[in-house]
$ cat input.pdb   # PDB, C-alpha atoms
ATOM      1  CA  MET A   1      -1.746  54.194   2.342  1.00  0.00           C
ATOM      2  CA  LEU A   2      -1.428  52.842   5.899  1.00  0.00           C
ATOM      3  CA  GLN A   3      -5.193  52.379   6.061  1.00  0.00           C
ATOM      4  CA  THR A   4      -5.135  50.476   2.786  1.00  0.00           C
ATOM      5  CA  LEU A   5      -2.388  48.184   4.040  1.00  0.00           C
ATOM      6  CA  LYS A   6      -4.141  47.645   7.364  1.00  0.00           C
ATOM      7  CA  ALA A   7      -7.490  47.132   5.651  1.00  0.00           C
ATOM      8  CA  ARG A   8      -6.073  44.453   3.338  1.00  0.00           C
ATOM      9  CA  HIS A   9      -4.422  42.650   6.228  1.00  0.00           C
ATOM     10  CA  GLU A  10      -7.530  42.936   8.374  1.00  0.00           C
ATOM     11  CA  LEU A  11      -9.724  41.545   5.606  1.00  0.00           C
ATOM     12  CA  ARG A  12      -7.451  38.579   4.855  1.00  0.00           C
ATOM     13  CA  LEU A  13      -7.057  37.798   8.563  1.00  0.00           C
ATOM     14  CA  TYR A  14     -10.813  38.034   9.096  1.00  0.00           C
ATOM     15  CA  GLU A  15     -11.406  35.595   6.220  1.00  0.00           C
ATOM     16  CA  LEU A  16      -8.741  33.233   7.533  1.00  0.00           C
ATOM     17  CA  LYS A  17     -10.116  33.306  11.062  1.00  0.00           C
ATOM     18  CA  LYS A  18     -13.647  32.701   9.798  1.00  0.00           C
ATOM     19  CA  ALA A  19     -12.506  29.655   7.790  1.00  0.00           C
ATOM     20  CA  ALA A  20     -10.509  28.374  10.767  1.00  0.00           C
ATOM     21  CA  ASN A  21     -13.487  28.755  13.096  1.00  0.00           C
ATOM     22  CA  GLU A  22     -15.738  26.914  10.649  1.00  0.00           C
ATOM     23  CA  PHE A  23     -13.191  24.110  10.428  1.00  0.00           C
ATOM     24  CA  LEU A  24     -12.847  23.993  14.219  1.00  0.00           C
ATOM     25  CA  GLU A  25     -16.600  23.731  14.601  1.00  0.00           C
ATOM     26  CA  PHE A  26     -16.726  20.908  12.046  1.00  0.00           C
ATOM     27  CA  THR A  27     -13.888  18.912  13.659  1.00  0.00           C
ATOM     28  CA  GLU A  28     -14.611  19.657  17.321  1.00  0.00           C
ATOM     29  CA  ASN A  29     -14.568  16.603  19.605  1.00  0.00           C
ATOM     30  CA  LEU A  30     -13.864  14.174  16.749  1.00  0.00           C
ATOM     31  CA  THR A  31     -10.943  12.067  17.917  1.00  0.00           C
ATOM     32  CA  LEU A  32      -9.684  11.044  14.480  1.00  0.00           C
ATOM     33  CA  LEU A  33      -9.690  14.669  13.339  1.00  0.00           C
ATOM     34  CA  GLN A  34      -7.763  15.947  16.364  1.00  0.00           C
ATOM     35  CA  VAL A  35      -4.546  16.531  14.407  1.00  0.00           C
ATOM     36  CA  VAL A  36      -6.163  18.792  11.825  1.00  0.00           C
ATOM     37  CA  ASN A  37      -8.270  20.445  14.524  1.00  0.00           C
ATOM     38  CA  GLU A  38      -5.072  21.383  16.356  1.00  0.00           C
ATOM     39  CA  LYS A  39      -3.638  22.929  13.170  1.00  0.00           C
ATOM     40  CA  ALA A  40      -6.757  25.067  12.842  1.00  0.00           C
ATOM     41  CA  GLN A  41      -6.450  26.091  16.504  1.00  0.00           C
ATOM     42  CA  GLN A  42      -2.847  27.137  15.891  1.00  0.00           C
ATOM     43  CA  MET A  43      -3.962  29.163  12.878  1.00  0.00           C
ATOM     44  CA  THR A  44      -6.628  30.917  14.942  1.00  0.00           C
ATOM     45  CA  GLN A  45      -4.102  31.811  17.617  1.00  0.00           C
ATOM     46  CA  ALA A  46      -1.658  33.122  15.007  1.00  0.00           C
ATOM     47  CA  VAL A  47      -4.389  35.237  13.423  1.00  0.00           C
ATOM     48  CA  GLU A  48      -5.251  36.744  16.807  1.00  0.00           C
ATOM     49  CA  VAL A  49      -1.600  37.707  17.371  1.00  0.00           C
ATOM     50  CA  LEU A  50      -1.444  39.344  13.935  1.00  0.00           C
ATOM     51  CA  GLN A  51      -4.745  41.136  14.520  1.00  0.00           C
ATOM     52  CA  ARG A  52      -3.322  42.599  17.744  1.00  0.00           C
ATOM     53  CA  LEU A  53      -0.283  43.818  15.801  1.00  0.00           C
ATOM     54  CA  LEU A  54      -2.586  45.591  13.374  1.00  0.00           C
ATOM     55  CA  GLN A  55      -4.272  47.401  16.243  1.00  0.00           C
ATOM     56  CA  GLN A  56      -1.008  49.040  17.280  1.00  0.00           C
ATOM     57  CA  ASP A  57      -0.307  52.547  16.062  1.00  0.00           C
ATOM     58  CA  LEU A  58       2.636  51.714  13.812  1.00  0.00           C
ATOM     59  CA  THR A  59       3.867  53.198  10.570  1.00  0.00           C
ATOM     60  CA  GLU A  60       3.397  51.067   7.475  1.00  0.00           C
ATOM     61  CA  LYS A  61       7.073  50.158   7.325  1.00  0.00           C
ATOM     62  CA  THR A  62       7.252  49.278  11.028  1.00  0.00           C
ATOM     63  CA  LEU A  63       4.019  47.306  10.824  1.00  0.00           C
ATOM     64  CA  LEU A  64       5.271  45.221   7.906  1.00  0.00           C
ATOM     65  CA  LYS A  65       8.544  44.527   9.705  1.00  0.00           C
ATOM     66  CA  ALA A  66       6.688  43.510  12.861  1.00  0.00           C
ATOM     67  CA  ILE A  67       4.337  41.206  10.972  1.00  0.00           C
ATOM     68  CA  ASN A  68       7.105  39.591   8.934  1.00  0.00           C
ATOM     69  CA  ALA A  69       9.257  39.125  12.041  1.00  0.00           C
ATOM     70  CA  SER A  70       6.436  37.611  14.067  1.00  0.00           C
ATOM     71  CA  GLU A  71       6.305  33.964  15.002  1.00  0.00           C
ATOM     72  CA  ALA A  72       2.621  34.038  14.059  1.00  0.00           C
ATOM     73  CA  ALA A  73       3.379  34.787  10.396  1.00  0.00           C
ATOM     74  CA  SER A  74       6.057  32.084  10.365  1.00  0.00           C
ATOM     75  CA  LEU A  75       3.633  29.607  11.912  1.00  0.00           C
ATOM     76  CA  LEU A  76       1.016  30.314   9.232  1.00  0.00           C
ATOM     77  CA  ASP A  77       3.624  29.689   6.572  1.00  0.00           C
ATOM     78  CA  GLU A  78       4.700  26.405   8.209  1.00  0.00           C
ATOM     79  CA  ILE A  79       1.129  25.163   8.558  1.00  0.00           C
ATOM     80  CA  VAL A  80       0.399  25.877   4.914  1.00  0.00           C
ATOM     81  CA  ASP A  81       3.489  23.908   3.903  1.00  0.00           C
ATOM     82  CA  ALA A  82       2.622  20.953   6.151  1.00  0.00           C
ATOM     83  CA  ASP A  83       0.224  18.377   4.765  1.00  0.00           C
ATOM     84  CA  ALA A  84      -1.858  17.556   7.836  1.00  0.00           C
ATOM     85  CA  VAL A  85      -4.778  16.043   5.937  1.00  0.00           C
ATOM     86  CA  SER A  86      -2.819  13.630   3.755  1.00  0.00           C
ATOM     87  CA  GLY A  87      -1.739  11.298   6.562  1.00  0.00           C
ATOM     88  CA  LEU A  88      -5.197  11.374   8.079  1.00  0.00           C
ATOM     89  CA  GLU A  89      -6.792  10.634   4.739  1.00  0.00           C
ATOM     90  CA  THR A  90      -4.471   7.686   4.131  1.00  0.00           C
ATOM     91  CA  TYR A  91      -5.259   6.261   7.555  1.00  0.00           C
ATOM     92  CA  VAL A  92      -9.036   6.682   7.302  1.00  0.00           C
ATOM     93  CA  LEU A  93      -9.291   5.401   3.747  1.00  0.00           C
ATOM     94  CA  SER A  94      -7.123   2.367   4.515  1.00  0.00           C
ATOM     95  CA  ALA A  95      -9.331   1.599   7.523  1.00  0.00           C
ATOM     96  CA  ALA A  96     -12.369   1.990   5.290  1.00  0.00           C
ATOM     97  CA  ALA A  97     -10.890  -0.298   2.644  1.00  0.00           C
ATOM     98  CA  SER A  98     -10.292  -3.034   5.200  1.00  0.00           C
ATOM     99  CA  SER A  99     -13.927  -2.882   6.290  1.00  0.00           C
ATOM    100  CA  GLU A 100     -16.367  -5.249   4.671  1.00  0.00           C
ATOM    101  CA  ASP A 101     -19.211  -2.827   5.301  1.00  0.00           C
ATOM    102  CA  ALA A 102     -19.786  -0.892   2.054  1.00  0.00           C
ATOM    103  CA  GLU A 103     -21.931   1.744   3.769  1.00  0.00           C
ATOM    104  CA  LEU A 104     -19.246   2.412   6.377  1.00  0.00           C
ATOM    105  CA  THR A 105     -16.629   2.693   3.657  1.00  0.00           C
ATOM    106  CA  GLN A 106     -18.826   5.134   1.735  1.00  0.00           C
ATOM    107  CA  PHE A 107     -19.495   7.164   4.886  1.00  0.00           C
ATOM    108  CA  LEU A 108     -15.803   7.440   5.773  1.00  0.00           C
ATOM    109  CA  SER A 109     -14.959   8.455   2.212  1.00  0.00           C
ATOM    110  CA  GLU A 110     -17.632  11.148   2.283  1.00  0.00           C
ATOM    111  CA  ILE A 111     -16.414  12.461   5.642  1.00  0.00           C
ATOM    112  CA  MET A 112     -12.840  12.648   4.364  1.00  0.00           C
ATOM    113  CA  ASP A 113     -14.016  14.482   1.250  1.00  0.00           C
ATOM    114  CA  LYS A 114     -15.690  17.085   3.469  1.00  0.00           C
ATOM    115  CA  VAL A 115     -12.667  17.365   5.754  1.00  0.00           C
ATOM    116  CA  GLU A 116     -10.372  17.803   2.780  1.00  0.00           C
ATOM    117  CA  HIS A 117     -12.652  20.394   1.175  1.00  0.00           C
ATOM    118  CA  LYS A 118     -12.921  22.450   4.351  1.00  0.00           C
ATOM    119  CA  TYR A 119      -9.207  22.169   5.114  1.00  0.00           C
ATOM    120  CA  ASN A 120      -8.311  23.208   1.567  1.00  0.00           C
ATOM    121  CA  ARG A 121     -10.543  26.262   1.970  1.00  0.00           C
ATOM    122  CA  LEU A 122      -8.680  27.074   5.172  1.00  0.00           C
ATOM    123  CA  LEU A 123      -5.334  26.694   3.412  1.00  0.00           C
ATOM    124  CA  GLU A 124      -6.578  28.863   0.548  1.00  0.00           C
ATOM    125  CA  LYS A 125      -7.271  31.683   3.018  1.00  0.00           C
ATOM    126  CA  ALA A 126      -3.864  31.202   4.641  1.00  0.00           C
ATOM    127  CA  HIS A 127      -2.192  31.346   1.198  1.00  0.00           C
ATOM    128  CA  ALA A 128      -4.058  34.570   0.439  1.00  0.00           C
ATOM    129  CA  TYR A 129      -2.764  36.128   3.631  1.00  0.00           C
ATOM    130  CA  ASN A 130       0.775  34.865   3.075  1.00  0.00           C
ATOM    131  CA  ALA A 131       0.671  36.427  -0.400  1.00  0.00           C
ATOM    132  CA  LEU A 132       0.159  39.832   1.231  1.00  0.00           C
ATOM    133  CA  LEU A 133       3.400  39.372   3.135  1.00  0.00           C
ATOM    134  CA  ILE A 134       5.314  38.817  -0.090  1.00  0.00           C
ATOM    135  CA  GLU A 135       3.964  41.940  -1.833  1.00  0.00           C
TER
END

$ encode --input "input.pdb" --output "structure tokens"
Amino acid sequence: MLQTLKARHELRLYELKKAANEFLEFTENLTLLQVVNEKAQQMTQAVEVLQRLLQQDLTEKTLLKAINASEAASLLDEIVDADAVSGLETYVLSAAASSEDAELTQFLSEIMDKVEHKYNRLLEKAHAYNALLIE
């Protein structure tokens, strides 16, 4: 059963890290997206801490306690609860609305749609991992 538990955690963490890395690549060096980029960086770091915990030779019960007691698991939960994209979206869309350039407004709206889609995918993976902790 320990392998099954570890395998489920490893899979969910792998999926979360992959989504975070994709988001980081998308938002890298984009000043306006720095806030959400930092959240993805924090997620990646938390995943790495949890992955190291999984590599330890712990019993299932001890492993679950260690994961649930870790700051990394708490951080993932906090990030999921925080709405990092909403404030950014409000700012960008209000800047777009004040522009008289219809193409610029359309472009900014499209970029925010992509950011929101990718960030929601990242949050979906974080929710899936957090659900394992509740089981």

$ residues_around --input "input.pdb" --residues "range 100-116 of chain A" --least-positions-apart "5" --cutoff "10 Å" --atoms "all atoms listed in the file" --output "list in words"
Phe23, Phe26, Thr27, Leu33, Val36, Ala84, Val85, Ser86, Leu88, Glu89, Thr90, Val92, Leu93, Ser94, Ala95, Arg121 and Leu122 of chain A

$ residues_around --input "input.pdb" --residues "Ala46 in chain A" --least-positions-apart "5" --cutoff "9 Å" --atoms "only C-alpha atoms" --output "list in words"
Gln41, Gln51, Glu71, Ala72, Ala73, Leu75 and Leu76 of chain A

$ write_last_selection --input "input.pdb" --atoms "C-alpha atoms" --output "PDB file, in the coordinates of the input"
ATOM      1  CA  GLN A  41      -6.450  26.091  16.504  1.00  0.00           C
ATOM      2  CA  GLN A  51      -4.745  41.136  14.520  1.00  0.00           C
ATOM      3  CA  GLU A  71       6.305  33.964  15.002  1.00  0.00           C
ATOM      4  CA  ALA A  72       2.621  34.038  14.059  1.00  0.00           C
ATOM      5  CA  ALA A  73       3.379  34.787  10.396  1.00  0.00           C
ATOM      6  CA  LEU A  75       3.633  29.607  11.912  1.00  0.00           C
ATOM      7  CA  LEU A  76       1.016  30.314   9.232  1.00  0.00           C
TER       8      LEU A  76
END

$ residues_around --input "input.pdb" --residues "Leu24 in chain A" --least-positions-apart "4" --cutoff "7 Å" --atoms "only C-alpha atoms" --output "list in words"
Ala20, Glu28, Asn37 and Ala40 of chain A

$ axis_aligned_box --input "input.pdb" --around "range 58-62 of chain A" --padding-each-side "5 Å" --output "JSON"
{"center_x": 4.9, "center_y": 51.2, "center_z": 10.6, "size_x": 14.6, "size_y": 13.9, "size_z": 16.5}

$ closest_residue --input "input.pdb" --among "A:Lys6, A:Lys17, A:Arg12, A:Met43" --to "Leu58 in chain A" --atoms "all atoms listed in the file"
A:Lys6

$ atom_distance --input "input.pdb" --atom1 "CA of Leu5 in chain A" --atom2 "CA of Gln42 in chain A"
24.2 Å

$ atom_distance --input "input.pdb" --atom1 "CA of Ala66 in chain A" --atom2 "CA of Val80 in chain A"
20.3 Å

$ residues_around --input "input.pdb" --residues "Ala128 in chain A" --least-positions-apart "2" --cutoff "12 Å" --atoms "all atoms listed in the file" --output "PyMOL selection string"
chain A and resi 8-9+11-16+76-77+80+121-126+130-135

$ write_last_selection --input "input.pdb" --atoms "C-alpha atoms" --output "CSV table (one decimal), in the frame of the given file"
chain,number,residue,atom,x,y,z
A,8,ARG,CA,-6.1,44.5,3.3
A,9,HIS,CA,-4.4,42.6,6.2
A,11,LEU,CA,-9.7,41.5,5.6
A,12,ARG,CA,-7.5,38.6,4.9
A,13,LEU,CA,-7.1,37.8,8.6
A,14,TYR,CA,-10.8,38.0,9.1
A,15,GLU,CA,-11.4,35.6,6.2
A,16,LEU,CA,-8.7,33.2,7.5
A,76,LEU,CA,1.0,30.3,9.2
A,77,ASP,CA,3.6,29.7,6.6
A,80,VAL,CA,0.4,25.9,4.9
A,121,ARG,CA,-10.5,26.3,2.0
A,122,LEU,CA,-8.7,27.1,5.2
A,123,LEU,CA,-5.3,26.7,3.4
A,124,GLU,CA,-6.6,28.9,0.5
A,125,LYS,CA,-7.3,31.7,3.0
A,126,ALA,CA,-3.9,31.2,4.6
A,130,ASN,CA,0.8,34.9,3.1
A,131,ALA,CA,0.7,36.4,-0.4
A,132,LEU,CA,0.2,39.8,1.2
A,133,LEU,CA,3.4,39.4,3.1
A,134,ILE,CA,5.3,38.8,-0.1
A,135,GLU,CA,4.0,41.9,-1.8
